[in-house]
Amino acid sequence: MQQCPSCQYELTMKEQVEAAESCPSCGVIYADFLREREEAMERRRRRLEEQGLEQLKRASPSHVVVTDIDMPFWSLVQFLVKLALAFVPAGLILMVIFWGFTSFIRLM
Ligand SMILES: [Zn+2]
């Protein structure tokens, strides 16, 4: 049994055959109604998503989940240069730790 998505009117067999595209009771065009409902749900979903993101930002500003990186090329280059430069002091720190650890092992 076909039912109108707008007014819930149940179409008779005859009406289903005759007017398959619009409701004989309220006159709504099914395709338009369904598309509009879909768009409204999409807008609602986006708004809830944005609200959710806002709440997430306020609740835990330090907690970030990276799912994808879409960065302009030169920003990425800048980031990688900084990363490479940061590797120098990081490497020195690791060398000192490693040196301390091996010296300690040799003393035993
Ligand atoms: Zn209807």
# chains A, B, ... in the order shown; residues from 1 in each chain; ligands from 1
call {"tool": "residues_near_ligand", "arguments": {"ligand": "ligand 1", "cutoff": "10 Å", "atoms": "only C-alpha atoms and all ligand atoms", "output": "MDAnalysis selection string"}}
result
chainID A and resid 3:11 22:30 33
call {"tool": "select_by_dssp", "arguments": {"residues": "region 3-89 of chain A", "states": "strand (DSSP E or B)", "output": "ChimeraX atom specification"}}
result
/A:3,10,22,29
call {"tool": "write_last_selection", "arguments": {"atoms": "N, CA and C atoms", "output": "CSV table (one decimal), in the first residue's frame"}}
result
chain,number,residue,atom,x,y,z
A,3,GLN,N,1.7,5.2,0.5
A,3,GLN,CA,1.2,6.2,1.4
A,3,GLN,C,1.9,7.5,1.1
A,10,GLU,N,-3.4,7.2,2.6
A,10,GLU,CA,-3.1,5.9,1.9
A,10,GLU,C,-3.9,5.8,0.6
A,22,SER,N,1.9,12.5,-7.8
A,22,SER,CA,1.5,13.5,-6.8
A,22,SER,C,0.3,12.9,-5.9
A,29,ILE,N,3.7,17.0,-4.7
A,29,ILE,CA,4.4,16.2,-5.7
A,29,ILE,C,5.5,15.4,-4.9
call {"tool": "select_by_dssp", "arguments": {"residues": "region 7-69 of chain A", "states": "helix (DSSP H, G or I)", "output": "PyMOL selection string"}}
result
chain A and resi 13-18+30-59
call {"tool": "atom_distance", "arguments": {"atom1": "CA of Asp70 (chain A)", "atom2": "CA of Gln51 (chain A)"}}
result
22.3 Å
